[in-house]
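Novice: So I've got this file, input13.cif, and it contains mmCIF, C-alpha atoms:
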```cif
data_final
#
loop_
_atom_site.label_atom_id
_atom_site.label_comp_id
_atom_site.auth_asym_id
_atom_site.auth_seq_id
_atom_site.Cartn_x
_atom_site.Cartn_y
_atom_site.Cartn_z
CA MET A 156 28.17 0.14 43.34
CA THR A 157 27.92 1.86 39.92
CA ASP A 158 28.06 -1.43 37.96
CA LEU A 159 25.22 -2.97 39.94
CA LYS A 160 21.73 -3.38 38.52
CA LYS A 161 18.79 -1.70 40.19
CA THR A 162 15.30 -3.09 40.72
CA PRO A 163 12.21 -1.02 39.85
CA LEU A 164 11.86 -0.25 43.57
CA HIS A 165 15.37 1.18 44.02
CA ALA A 166 14.24 4.80 44.47
CA LEU A 167 11.60 3.70 46.99
CA HIS A 168 14.22 1.85 49.06
CA VAL A 169 16.44 4.93 49.13
CA SER A 170 13.52 7.17 50.10
CA LEU A 171 12.71 4.80 52.98
CA GLY A 172 16.26 5.11 54.33
CA ALA A 173 17.44 1.63 53.38
CA LYS A 174 21.07 0.64 53.70
CA MET A 175 21.92 -0.62 50.21
CA VAL A 176 24.45 -3.39 49.55
CA PRO A 177 25.63 -5.46 46.56
CA PHE A 178 23.76 -8.77 46.23
CA ALA A 179 23.71 -11.14 43.23
CA GLY A 180 24.71 -8.30 40.89
CA TYR A 181 22.08 -5.88 42.22
CA GLU A 182 22.04 -3.00 44.67
CA MET A 183 19.62 -4.28 47.32
CA PRO A 184 18.32 -3.13 50.72
CA VAL A 185 19.90 -5.09 53.57
CA GLN A 186 17.95 -3.22 56.25
CA TYR A 187 15.82 -0.15 56.92
CA PRO A 188 15.93 2.24 59.90
CA LEU A 189 13.79 -0.25 61.90
CA GLY A 190 16.80 -2.60 62.01
CA VAL A 191 17.17 -6.29 61.24
CA MET A 192 15.92 -7.59 64.60
CA LYS A 193 12.73 -5.50 64.60
CA GLU A 194 12.12 -6.19 60.89
CA HIS A 195 12.33 -9.93 61.61
CA LEU A 196 9.93 -9.74 64.57
CA HIS A 197 7.54 -7.44 62.69
CA THR A 198 7.25 -10.01 59.89
CA ARG A 199 6.52 -12.80 62.38
CA ALA A 200 3.88 -10.69 64.18
CA HIS A 201 2.34 -8.60 61.37
CA ALA A 202 3.49 -8.39 57.71
CA GLY A 203 6.68 -7.50 55.91
CA LEU A 204 7.16 -6.37 52.31
CA PHE A 205 10.27 -7.64 50.51
CA ASP A 206 11.64 -6.64 47.11
CA VAL A 207 12.69 -9.84 45.32
CA SER A 208 12.72 -8.37 41.82
CA HIS A 209 16.32 -9.53 41.35
CA MET A 210 15.09 -13.09 40.95
CA GLY A 211 14.54 -14.57 37.49
CA GLN A 212 11.00 -14.87 36.10
CA VAL A 213 10.62 -17.25 33.17
CA ILE A 214 7.74 -18.49 31.01
CA ILE A 215 8.02 -21.90 29.33
CA LYS A 216 5.51 -22.59 26.59
CA GLY A 217 4.82 -25.48 24.25
CA ALA A 218 1.94 -26.95 22.28
CA SER A 219 0.32 -27.65 25.65
CA TYR A 220 1.08 -27.56 29.37
CA ALA A 221 1.76 -31.31 29.17
CA ALA A 222 4.41 -30.73 26.52
CA ALA A 223 6.13 -28.08 28.66
CA ALA A 224 5.92 -30.28 31.76
CA ALA A 225 7.35 -33.33 29.96
CA GLY A 226 10.25 -31.24 28.71
CA LEU A 227 11.00 -29.80 32.13
CA GLU A 228 10.86 -33.23 33.77
CA ARG A 229 14.00 -34.07 31.78
CA LEU A 230 15.81 -31.47 33.89
CA ILE A 231 14.02 -31.60 37.27
CA PRO A 232 13.27 -34.73 39.40
CA VAL A 233 9.78 -33.69 40.53
CA ASP A 234 6.26 -34.42 39.28
CA ILE A 235 5.46 -31.52 36.97
CA LEU A 236 3.08 -33.34 34.60
CA ASP A 237 0.48 -33.97 37.31
CA LEU A 238 0.66 -30.48 38.82
CA ALA A 239 -2.87 -29.07 38.70
CA GLU A 240 -3.62 -25.80 36.95
CA GLY A 241 -3.38 -22.92 39.40
CA ARG A 242 -0.87 -24.75 41.61
CA GLN A 243 2.83 -24.24 42.31
CA ARG A 244 5.59 -26.63 43.36
CA TYR A 245 9.17 -26.43 44.67
CA GLY A 246 11.84 -28.09 42.54
CA PHE A 247 15.49 -28.04 41.57
CA PHE A 248 17.72 -28.48 38.55
CA THR A 249 20.21 -31.33 38.97
CA ASN A 250 23.56 -31.77 37.24
CA ALA A 251 25.23 -34.87 35.79
CA ASP A 252 26.84 -35.62 39.17
CA GLY A 253 23.51 -35.54 41.02
CA GLY A 254 24.20 -32.15 42.59
CA ILE A 255 21.73 -29.25 42.73
CA ALA A 256 22.37 -26.65 40.03
CA ASP A 257 19.68 -24.33 41.45
CA ASP A 258 16.39 -24.53 43.30
CA LEU A 259 13.25 -22.89 41.99
CA MET A 260 9.48 -22.55 42.08
CA LEU A 261 7.35 -23.65 39.12
CA ALA A 262 3.65 -23.09 38.48
CA ASN A 263 1.01 -24.45 36.12
CA ARG A 264 -0.59 -21.36 34.59
CA GLY A 265 -2.84 -23.25 32.19
CA ASP A 266 -1.32 -22.72 28.75
CA HIS A 267 2.22 -22.19 30.07
CA MET A 268 4.57 -22.78 32.97
CA PHE A 269 5.83 -19.93 35.12
CA VAL A 270 9.21 -20.50 36.79
CA VAL A 271 11.07 -18.35 39.34
CA VAL A 272 14.81 -18.98 39.77
CA ASN A 273 17.49 -17.53 42.01
CA ALA A 274 19.10 -14.22 41.06
CA ALA A 275 22.71 -15.42 41.13
CA CYS A 276 21.88 -18.40 38.90
CA LYS A 277 19.31 -16.92 36.52
CA ALA A 278 21.58 -16.36 33.52
CA ALA A 279 22.96 -19.91 33.74
CA ASP A 280 19.48 -21.34 34.42
CA ILE A 281 17.91 -19.61 31.42
CA ALA A 282 20.79 -20.69 29.16
CA HIS A 283 20.36 -24.26 30.47
CA LEU A 284 16.62 -24.19 29.78
CA LYS A 285 17.05 -22.81 26.27
CA ALA A 286 19.77 -25.32 25.37
CA ALA A 287 17.76 -28.28 26.65
CA LEU A 288 14.20 -27.33 25.61
CA GLU A 289 14.27 -25.11 22.52
CA PRO A 290 13.05 -25.23 19.77
CA GLU A 291 10.49 -27.82 20.97
CA LEU A 292 9.49 -25.36 23.70
CA THR A 293 9.84 -21.59 24.01
CA VAL A 294 11.76 -20.20 26.99
CA THR A 295 11.19 -16.49 27.66
CA GLU A 296 12.76 -14.44 30.44
CA ILE A 297 10.33 -11.84 31.80
CA THR A 298 12.28 -8.61 32.23
CA ASP A 299 9.48 -6.04 32.56
CA ARG A 300 7.93 -7.23 35.83
CA ALA A 301 8.94 -6.69 39.46
CA LEU A 302 8.54 -9.32 42.16
CA LEU A 303 7.36 -8.51 45.69
CA ALA A 304 6.88 -10.78 48.69
CA LEU A 305 4.28 -9.92 51.33
CA GLN A 306 4.88 -12.20 54.32
CA GLY A 307 3.45 -12.59 57.80
CA PRO A 308 0.17 -13.40 59.59
CA ALA A 309 -1.43 -10.13 58.45
CA ALA A 310 -0.54 -10.71 54.78
CA GLU A 311 -3.95 -12.19 53.91
CA SER A 312 -5.99 -9.37 55.41
CA VAL A 313 -3.73 -6.75 53.79
CA LEU A 314 -3.83 -8.22 50.27
CA ALA A 315 -7.55 -8.99 50.52
CA THR A 316 -8.25 -5.25 50.90
CA LEU A 317 -7.05 -4.94 47.28
CA ASP A 318 -8.59 -8.18 45.94
CA PRO A 319 -10.82 -10.33 48.20
CA ARG A 320 -9.87 -13.43 46.17
CA ALA A 321 -6.48 -13.41 47.93
CA ALA A 322 -8.16 -14.77 51.06
CA LYS A 323 -9.50 -17.81 49.21
CA MET A 324 -6.07 -18.94 48.00
CA ARG A 325 -4.36 -21.88 49.74
CA PHE A 326 -0.65 -22.48 50.28
CA MET A 327 0.97 -22.98 46.84
CA ASP A 328 -2.05 -21.72 44.89
CA VAL A 329 -1.35 -19.31 42.02
CA ALA A 330 -3.81 -16.83 40.52
CA THR A 331 -4.06 -13.54 38.66
CA LEU A 332 -5.40 -10.87 41.02
CA ASP A 333 -6.33 -7.23 40.47
CA LEU A 334 -4.28 -5.01 42.79
CA ASP A 335 -5.60 -1.47 42.50
CA GLY A 336 -6.14 -1.90 38.75
CA VAL A 337 -2.86 -3.77 38.14
CA PRO A 338 -2.90 -7.41 36.93
CA ALA A 339 -0.70 -9.36 39.37
CA TRP A 340 0.51 -12.96 39.11
CA VAL A 341 0.24 -14.06 42.72
CA SER A 342 1.32 -17.24 44.52
CA ARG A 343 0.51 -18.01 48.15
CA SER A 344 4.05 -18.90 49.17
CA GLY A 345 7.25 -17.34 50.41
CA TYR A 346 10.60 -17.78 52.09
CA THR A 347 9.93 -16.98 55.75
CA GLY A 348 7.90 -19.88 57.15
CA GLU A 349 4.97 -17.46 57.47
CA ASP A 350 1.77 -17.25 55.47
CA GLY A 351 2.16 -14.82 52.61
CA TYR A 352 2.26 -14.10 48.90
CA GLU A 353 4.76 -13.54 46.11
CA ILE A 354 3.49 -10.94 43.67
CA SER A 355 4.71 -10.41 40.10
CA ILE A 356 3.56 -7.05 38.71
CA PRO A 357 4.54 -4.83 35.76
CA ALA A 358 7.71 -2.91 36.64
CA ARG A 359 6.10 0.46 35.87
CA ASP A 360 3.43 -0.16 38.52
CA ALA A 361 5.71 -1.65 41.17
CA PRO A 362 6.59 1.51 43.16
CA ARG A 363 2.92 2.57 43.40
CA ILE A 364 1.64 -0.87 44.44
CA ALA A 365 4.49 -1.30 46.92
CA GLN A 366 3.57 2.06 48.47
CA VAL A 367 -0.12 1.08 48.64
CA LEU A 368 0.89 -2.03 50.59
CA LEU A 369 3.29 -0.07 52.82
CA ASP A 370 0.56 2.44 53.61
CA HIS A 371 -1.25 -0.33 55.50
CA PRO A 372 -0.39 0.01 59.22
CA ALA A 373 0.44 -3.72 59.49
CA VAL A 374 3.12 -3.61 56.78
CA ALA A 375 6.79 -2.61 57.10
CA PRO A 376 9.59 -2.78 54.51
CA ILE A 377 12.00 -5.65 55.17
CA GLY A 378 15.57 -6.07 53.91
CA LEU A 379 17.89 -8.95 53.10
CA GLY A 380 19.19 -9.21 56.66
CA ALA A 381 15.83 -10.18 58.16
CA ARG A 382 14.98 -12.25 55.08
CA ASP A 383 18.01 -14.38 55.89
CA SER A 384 17.24 -14.82 59.60
CA LEU A 385 13.57 -15.58 58.83
CA ARG A 386 14.39 -18.31 56.32
CA LEU A 387 17.04 -19.79 58.63
CA GLU A 388 14.53 -20.12 61.48
CA ALA A 389 12.16 -21.71 58.96
CA GLY A 390 14.82 -24.30 58.03
CA LEU A 391 14.88 -23.16 54.39
CA CYS A 392 17.98 -23.49 52.22
CA LEU A 393 19.90 -20.62 50.67
CA TYR A 394 21.35 -21.70 47.33
CA GLY A 395 25.14 -21.44 47.19
CA HIS A 396 25.36 -21.96 50.95
CA ASP A 397 23.15 -24.82 52.22
CA ILE A 398 22.81 -26.48 48.82
CA ASP A 399 25.03 -26.20 45.76
CA ALA A 400 26.30 -28.08 42.72
CA THR A 401 28.05 -30.65 44.94
CA THR A 402 25.14 -31.49 47.27
CA SER A 403 22.47 -33.97 46.24
CA PRO A 404 18.78 -33.62 47.15
CA VAL A 405 19.23 -36.60 49.50
CA GLU A 406 22.15 -34.99 51.33
CA GLY A 407 20.19 -31.72 51.42
CA ALA A 408 17.17 -33.44 53.07
CA LEU A 409 15.01 -32.37 50.13
CA THR A 410 13.64 -35.74 49.04
CA TRP A 411 10.19 -34.61 50.25
CA ALA A 412 10.12 -32.59 47.01
CA ILE A 413 10.54 -35.72 44.84
CA GLN A 414 7.07 -37.22 44.43
CA LYS A 415 6.45 -40.97 44.32
CA VAL A 416 6.00 -41.07 40.55
CA ARG A 417 9.57 -39.73 40.04
CA ARG A 418 11.23 -41.92 42.69
CA PRO A 419 12.98 -45.22 41.99
CA SER A 420 10.35 -47.71 40.74
CA GLY A 421 7.89 -44.84 40.11
CA ALA A 422 6.08 -44.62 36.77
CA ARG A 423 8.35 -41.77 35.58
CA ALA A 424 11.49 -42.56 37.59
CA GLY A 425 14.81 -41.15 36.41
CA GLY A 426 15.35 -39.46 33.08
CA TYR A 427 16.97 -36.37 34.62
CA PRO A 428 20.67 -35.47 35.14
CA GLY A 429 22.34 -37.36 38.00
CA ALA A 430 19.40 -39.75 38.43
CA ASP A 431 21.62 -42.77 39.13
CA ARG A 432 23.36 -41.15 42.11
CA ILE A 433 20.15 -39.72 43.52
CA ALA A 434 18.29 -43.03 43.16
CA ALA A 435 21.14 -44.91 44.85
CA GLU A 436 21.17 -42.45 47.77
CA MET A 437 17.39 -42.62 48.10
CA GLU A 438 17.63 -46.39 48.33
CA ASN A 439 20.74 -46.66 50.52
CA GLY A 440 21.14 -43.29 52.23
CA ALA A 441 23.79 -40.59 51.74
CA ALA A 442 27.10 -40.33 53.57
CA ARG A 443 26.17 -36.93 54.99
CA LYS A 444 22.98 -35.03 55.71
CA ARG A 445 21.79 -31.46 56.21
CA VAL A 446 20.58 -31.00 59.79
CA GLY A 447 19.38 -28.31 62.13
CA LEU A 448 21.83 -27.32 64.85
CA MET A 449 21.27 -25.54 68.17
CA PRO A 450 24.44 -24.09 69.73
CA GLN A 451 24.29 -24.56 73.49
CA GLY A 452 25.93 -21.23 74.32
CA ARG A 453 24.82 -17.68 73.50
CA ALA A 454 27.38 -17.16 70.75
CA PRO A 455 26.06 -17.69 67.20
CA MET A 456 27.96 -20.17 65.03
CA ARG A 457 28.05 -19.01 61.43
CA GLU A 458 28.83 -20.44 58.01
CA GLY A 459 32.21 -22.15 57.85
CA VAL A 460 32.40 -23.36 61.46
CA VAL A 461 33.91 -26.86 61.40
CA LEU A 462 32.09 -29.61 63.31
CA PHE A 463 33.54 -32.49 65.34
CA ALA A 464 32.09 -35.57 67.03
CA ASP A 465 33.53 -34.61 70.42
CA ALA A 466 35.60 -31.95 72.14
CA ASP A 467 38.92 -33.67 71.41
CA ALA A 468 38.37 -35.21 67.94
CA THR A 469 40.86 -34.32 65.24
CA ASP A 470 38.85 -35.37 62.17
CA PRO A 471 35.89 -33.13 61.22
CA ILE A 472 32.45 -34.65 60.70
CA GLY A 473 30.92 -31.67 58.93
CA MET A 474 30.48 -27.91 58.65
CA ILE A 475 27.91 -25.21 59.32
CA THR A 476 26.46 -23.70 56.14
CA SER A 477 24.14 -21.06 57.69
CA GLY A 478 24.00 -19.72 61.21
CA GLY A 479 23.09 -16.73 63.32
CA PHE A 480 20.85 -15.50 66.10
CA GLY A 481 17.19 -16.51 65.80
CA PRO A 482 15.15 -13.54 67.04
CA THR A 483 11.91 -15.55 67.31
CA VAL A 484 13.45 -18.45 69.23
CA GLY A 485 15.67 -16.11 71.26
CA LYS A 486 18.87 -18.08 70.78
CA PRO A 487 21.45 -19.01 68.15
CA VAL A 488 20.39 -21.43 65.40
CA ALA A 489 22.28 -22.99 62.53
CA MET A 490 22.16 -25.64 59.86
CA GLY A 491 24.88 -27.62 58.19
CA TYR A 492 26.09 -31.01 57.05
CA VAL A 493 27.24 -33.83 59.29
CA ALA A 494 28.22 -37.43 58.65
CA ALA A 495 25.10 -39.62 58.62
CA ALA A 496 26.14 -41.38 61.85
CA HIS A 497 25.83 -38.06 63.70
CA ALA A 498 22.60 -36.79 62.08
CA THR A 499 20.08 -38.09 64.62
CA VAL A 500 18.10 -35.41 66.44
CA GLY A 501 19.47 -34.98 69.97
CA THR A 502 23.06 -35.90 69.09
CA GLN A 503 25.62 -33.63 70.73
CA ILE A 504 28.53 -32.51 68.57
CA PHE A 505 31.06 -29.67 68.77
CA GLY A 506 31.91 -26.66 66.65
CA GLU A 507 35.28 -24.93 66.65
CA LEU A 508 34.67 -21.26 67.39
CA ARG A 509 37.68 -18.95 67.72
CA GLY A 510 39.95 -21.89 68.54
CA LYS A 511 37.66 -23.40 71.18
CA ARG A 512 35.21 -26.31 70.96
CA GLN A 513 31.61 -25.36 71.75
CA ALA A 514 28.75 -27.84 72.07
CA LEU A 515 25.80 -28.00 69.67
CA THR A 516 22.80 -30.31 69.52
CA VAL A 517 21.32 -31.71 66.32
CA ALA A 518 17.82 -30.22 66.31
CA PRO A 519 14.62 -30.66 64.30
CA MET A 520 13.72 -28.02 61.71
CA PRO A 521 11.98 -25.66 61.37
CA PHE A 522 13.15 -23.92 64.53
CA THR A 523 9.84 -22.05 64.69
CA PRO A 524 6.55 -23.59 63.49
CA ALA A 525 5.48 -22.89 59.90
CA ASN A 526 2.27 -20.87 59.55
CA PHE A 527 1.25 -21.75 56.00
CA LYS A 528 -2.47 -21.77 55.10
CA ARG A 529 -3.08 -25.34 53.91
#
```
Turn this file's structure into structure tokens for me.

Specialist:
Amino acid sequence: MTDLKKTPLHALHVSLGAKMVPFAGYEMPVQYPLGVMKEHLHTRAHAGLFDVSHMGQVIIKGASYAAAAAGLERLIPVDILDLAEGRQRYGFFTNADGGIADDLMLANRGDHMFVVVNAACKAADIAHLKAALEPELTVTEITDRALLALQGPAAESVLATLDPRAAKMRFMDVATLDLDGVPAWVSRSGYTGEDGYEISIPARDAPRIAQVLLDHPAVAPIGLGARDSLRLEAGLCLYGHDIDATTSPVEGALTWAIQKVRRPSGARAGGYPGADRIAAEMENGAARKRVGLMPQGRAPMREGVVLFADADATDPIGMITSGGFGPTVGKPVAMGYVAAAHATVGTQIFGELRGKRQALTVAPMPFTPANFKR
């Protein structure tokens, strides 16, 4: 793992006994001595601290926020222009074929836009932004800040001990807080389905602030293993698995993120890559759809399991893109793509597991209720 990058918290992970693995070009903690199952349940019951410093942090600046938003709307099919100052929104880059090039979070920080992109895509994303927006706008990758995620029902009370303003934030608010003397760019959001915060802080201060948070009895360090099972239970996509350059936002069941003003017949409809395909699918439906799946047995069905309409069918109708055991729900859960005719909740289909057909039911997502603070 000598060629892998390290986050500012690498030494802390090692000192905490983390098992380190390669992930998106970084050496990252997959689990701690607590173990994936207990880390998952601790986050649902209390609060977990995640190192997400491998993700890309980007500032986009123009003559005004409106100028930056108008530029970004040429690349992303969501309403950025009307996003209020101090608010954040989920979005995605689309490609010329209407596929998703990456998903991201973007925030209106007053005189600039703050964007967080996925680690595996950040070099391509930043190159894409620079090529499309500069010199009209300035695109700057932030390389001297770490990114932490504090997630779980105790997250508010923990962070509010450092800055009481944390408790006043709503889901998808962004603000600059003072965490033990350190200026932190904080959003009330996350990737677990729980209430929580994502915290951008100067890299030099990251180990100390992380330790301050971990010193709270409600907080435990959480690795990539539990991060994955938490987001799966929450019905959240992992880029490169549940969505990719070939899947459209309509297929991915992400049209909730495309606001009315950017939809067909909206005031700012289209004008982004792949708009024709996406508009046509929004009007007429897509041939396949991402759905939740509940295997009926005790055996988890993981990514790559092929799906069939019945136990004897020869032609597949889809495939699982994420799957595993859901510790909160106490049974296997999965998500994947199926032909539209089989996407109705309650439909029974079959997955081929070790040469045998096993039943699954199309299920609503999330598998466990979201606990965001609206």

Novice: For the provided coordinates, the residues matched by the PyMOL selection byres ((chain A and resi 249) around 10) should be stated as a PyMOL selection string.

Specialist: chain A and resi 229-232+246-248+250-258+399-404+427-430+433

Novice: Restricting it to C-alpha atoms, dump the selection as a PDB file, keeping the file's coordinate frame.

Specialist:
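In the end it all went to selection.pdb:
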```pdb
ATOM      1  CA  ARG A 229      14.000 -34.070  31.780  1.00  0.00           C
ATOM      2  CA  LEU A 230      15.810 -31.470  33.890  1.00  0.00           C
ATOM      3  CA  ILE A 231      14.020 -31.600  37.270  1.00  0.00           C
ATOM      4  CA  PRO A 232      13.270 -34.730  39.400  1.00  0.00           C
ATOM      5  CA  GLY A 246      11.840 -28.090  42.540  1.00  0.00           C
ATOM      6  CA  PHE A 247      15.490 -28.040  41.570  1.00  0.00           C
ATOM      7  CA  PHE A 248      17.720 -28.480  38.550  1.00  0.00           C
ATOM      8  CA  ASN A 250      23.560 -31.770  37.240  1.00  0.00           C
ATOM      9  CA  ALA A 251      25.230 -34.870  35.790  1.00  0.00           C
ATOM     10  CA  ASP A 252      26.840 -35.620  39.170  1.00  0.00           C
ATOM     11  CA  GLY A 253      23.510 -35.540  41.020  1.00  0.00           C
ATOM     12  CA  GLY A 254      24.200 -32.150  42.590  1.00  0.00           C
ATOM     13  CA  ILE A 255      21.730 -29.250  42.730  1.00  0.00           C
ATOM     14  CA  ALA A 256      22.370 -26.650  40.030  1.00  0.00           C
ATOM     15  CA  ASP A 257      19.680 -24.330  41.450  1.00  0.00           C
ATOM     16  CA  ASP A 258      16.390 -24.530  43.300  1.00  0.00           C
ATOM     17  CA  ASP A 399      25.030 -26.200  45.760  1.00  0.00           C
ATOM     18  CA  ALA A 400      26.300 -28.080  42.720  1.00  0.00           C
ATOM     19  CA  THR A 401      28.050 -30.650  44.940  1.00  0.00           C
ATOM     20  CA  THR A 402      25.140 -31.490  47.270  1.00  0.00           C
ATOM     21  CA  SER A 403      22.470 -33.970  46.240  1.00  0.00           C
ATOM     22  CA  PRO A 404      18.780 -33.620  47.150  1.00  0.00           C
ATOM     23  CA  TYR A 427      16.970 -36.370  34.620  1.00  0.00           C
ATOM     24  CA  PRO A 428      20.670 -35.470  35.140  1.00  0.00           C
ATOM     25  CA  GLY A 429      22.340 -37.360  38.000  1.00  0.00           C
ATOM     26  CA  ALA A 430      19.400 -39.750  38.430  1.00  0.00           C
ATOM     27  CA  ILE A 433      20.150 -39.720  43.520  1.00  0.00           C
TER      28      ILE A 433
END
```

Novice: Give as a ChimeraX atom specification the residues that the PyMOL selection byres ((chain A and resi 172-184) around 8) matches when applied to the coordinates above.

Specialist: /A:156,159-162,165,168-171,185-188,209,274-275,378-379

Novice: Could you write those residues out with C-alpha atoms, as a compact mmCIF listing (two decimals), in the coordinates of the input?

Specialist:
```
# COMPACT_ATOMS: atom_id res chain seq x y z
CA MET A 156 28.17 0.14 43.34
CA LEU A 159 25.22 -2.97 39.94
CA LYS A 160 21.73 -3.38 38.52
CA LYS A 161 18.79 -1.70 40.19
CA THR A 162 15.30 -3.09 40.72
CA HIS A 165 15.37 1.18 44.02
CA HIS A 168 14.22 1.85 49.06
CA VAL A 169 16.44 4.93 49.13
CA SER A 170 13.52 7.17 50.10
CA LEU A 171 12.71 4.80 52.98
CA VAL A 185 19.90 -5.09 53.57
CA GLN A 186 17.95 -3.22 56.25
CA TYR A 187 15.82 -0.15 56.92
CA PRO A 188 15.93 2.24 59.90
CA HIS A 209 16.32 -9.53 41.35
CA ALA A 274 19.10 -14.22 41.06
CA ALA A 275 22.71 -15.42 41.13
CA GLY A 378 15.57 -6.07 53.91
CA LEU A 379 17.89 -8.95 53.10
```

Novice: Which residue is closest to Met520 of chain A? Choose from A:Val488, A:Ala321, A:Ser219, A:Leu302 and count all atoms listed in the file.

Specialist: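 Closest to Met520 of chain A, using all atoms listed in the file: A:Val488.
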
Novice: For Pro338 of chain A, which residue among A:Arg300, A:Lys323, A:Leu305, A:Thr483 is the nearest when counting only C-alpha atoms?

Specialist: A:Arg300

Novice: Give me the result of the PyMOL selection byres ((chain A and resi 443-453) around 7) on this file, residue by residue, as an MDAnalysis selection string.

Specialist: chainID A and resid 406:408 441:442 454:455 486:495 498 514:520

Novice: From the options A:Lys193, A:Lys511, A:Lys277, A:Arg242, which residue's atoms come nearest to Leu462 of chain A, counting all atoms listed in the file?

Specialist: A:Lys511

Novice: Restricting the calculation to all atoms listed in the file, which member of A:Arg244, A:Arg382, A:Arg325, A:His396 is positioned closest to Val191 of chain A?

Specialist: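 Of A:Arg244, A:Arg382, A:Arg325, A:His396, the one nearest Val191 of chain A, counting all atoms listed in the file, is A:Arg382.
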
Novice: Just how far from atom CA of Asp318 of chain A is atom CA of Ala262 of chain A, in Å to one decimal?

Specialist: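 So the answer is 20.7 Å.
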
Novice: Which polymer residues have any atom within 8 Å of an atom of Leu391 of chain A, counting only C-alpha atoms, with same-chain residues fewer than 5 positions away left out, as a count of residues only?

Specialist: 3

Novice: Given the choices A:Ala310, A:Ala224, A:Ala166, A:Ile504, which gets closest to Leu369 of chain A if the distance is worked out from all atoms listed in the file?

Specialist: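 The answer is A:Ala310, which sits nearest to Leu369 of chain A.
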
Novice: Can you give me all heavy atoms for segment 420-424 of chain A, written as an mmCIF file, in the coordinates of the input?

Specialist:
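selection13.cif, freshly written:
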```
data_model
loop_
_atom_site.group_PDB
_atom_site.id
_atom_site.type_symbol
_atom_site.label_atom_id
_atom_site.label_comp_id
_atom_site.auth_asym_id
_atom_site.auth_seq_id
_atom_site.Cartn_x
_atom_site.Cartn_y
_atom_site.Cartn_z
ATOM 1 N N SER A 420 11.505 -46.820 40.942
ATOM 2 C CA SER A 420 10.350 -47.710 40.740
ATOM 3 C C SER A 420 9.056 -46.950 40.478
ATOM 4 O O SER A 420 8.004 -47.565 40.277
ATOM 5 C CB SER A 420 10.152 -48.707 41.893
ATOM 6 O OG SER A 420 9.577 -48.076 43.026
ATOM 7 N N GLY A 421 9.071 -45.624 40.475
ATOM 8 C CA GLY A 421 7.890 -44.840 40.110
ATOM 9 C C GLY A 421 7.656 -44.903 38.612
ATOM 10 O O GLY A 421 8.553 -45.255 37.829
ATOM 11 N N ALA A 422 6.450 -44.510 38.190
ATOM 12 C CA ALA A 422 6.080 -44.620 36.770
ATOM 13 C C ALA A 422 6.960 -43.766 35.865
ATOM 14 O O ALA A 422 7.186 -44.120 34.702
ATOM 15 C CB ALA A 422 4.611 -44.237 36.598
ATOM 16 N N ARG A 423 7.455 -42.630 36.371
ATOM 17 C CA ARG A 423 8.350 -41.770 35.580
ATOM 18 C C ARG A 423 9.661 -41.552 36.330
ATOM 19 O O ARG A 423 10.170 -40.445 36.424
ATOM 20 C CB ARG A 423 7.664 -40.430 35.254
ATOM 21 C CG ARG A 423 6.407 -40.582 34.407
ATOM 22 C CD ARG A 423 5.970 -39.294 33.721
ATOM 23 N NE ARG A 423 5.859 -38.162 34.615
ATOM 24 C CZ ARG A 423 4.820 -37.942 35.434
ATOM 25 N NH1 ARG A 423 3.812 -38.810 35.494
ATOM 26 N NH2 ARG A 423 4.775 -36.872 36.195
ATOM 27 N N ALA A 424 10.208 -42.629 36.849
ATOM 28 C CA ALA A 424 11.490 -42.560 37.590
ATOM 29 C C ALA A 424 12.614 -42.179 36.637
ATOM 30 O O ALA A 424 12.608 -42.522 35.456
ATOM 31 C CB ALA A 424 11.788 -43.896 38.243
#
```
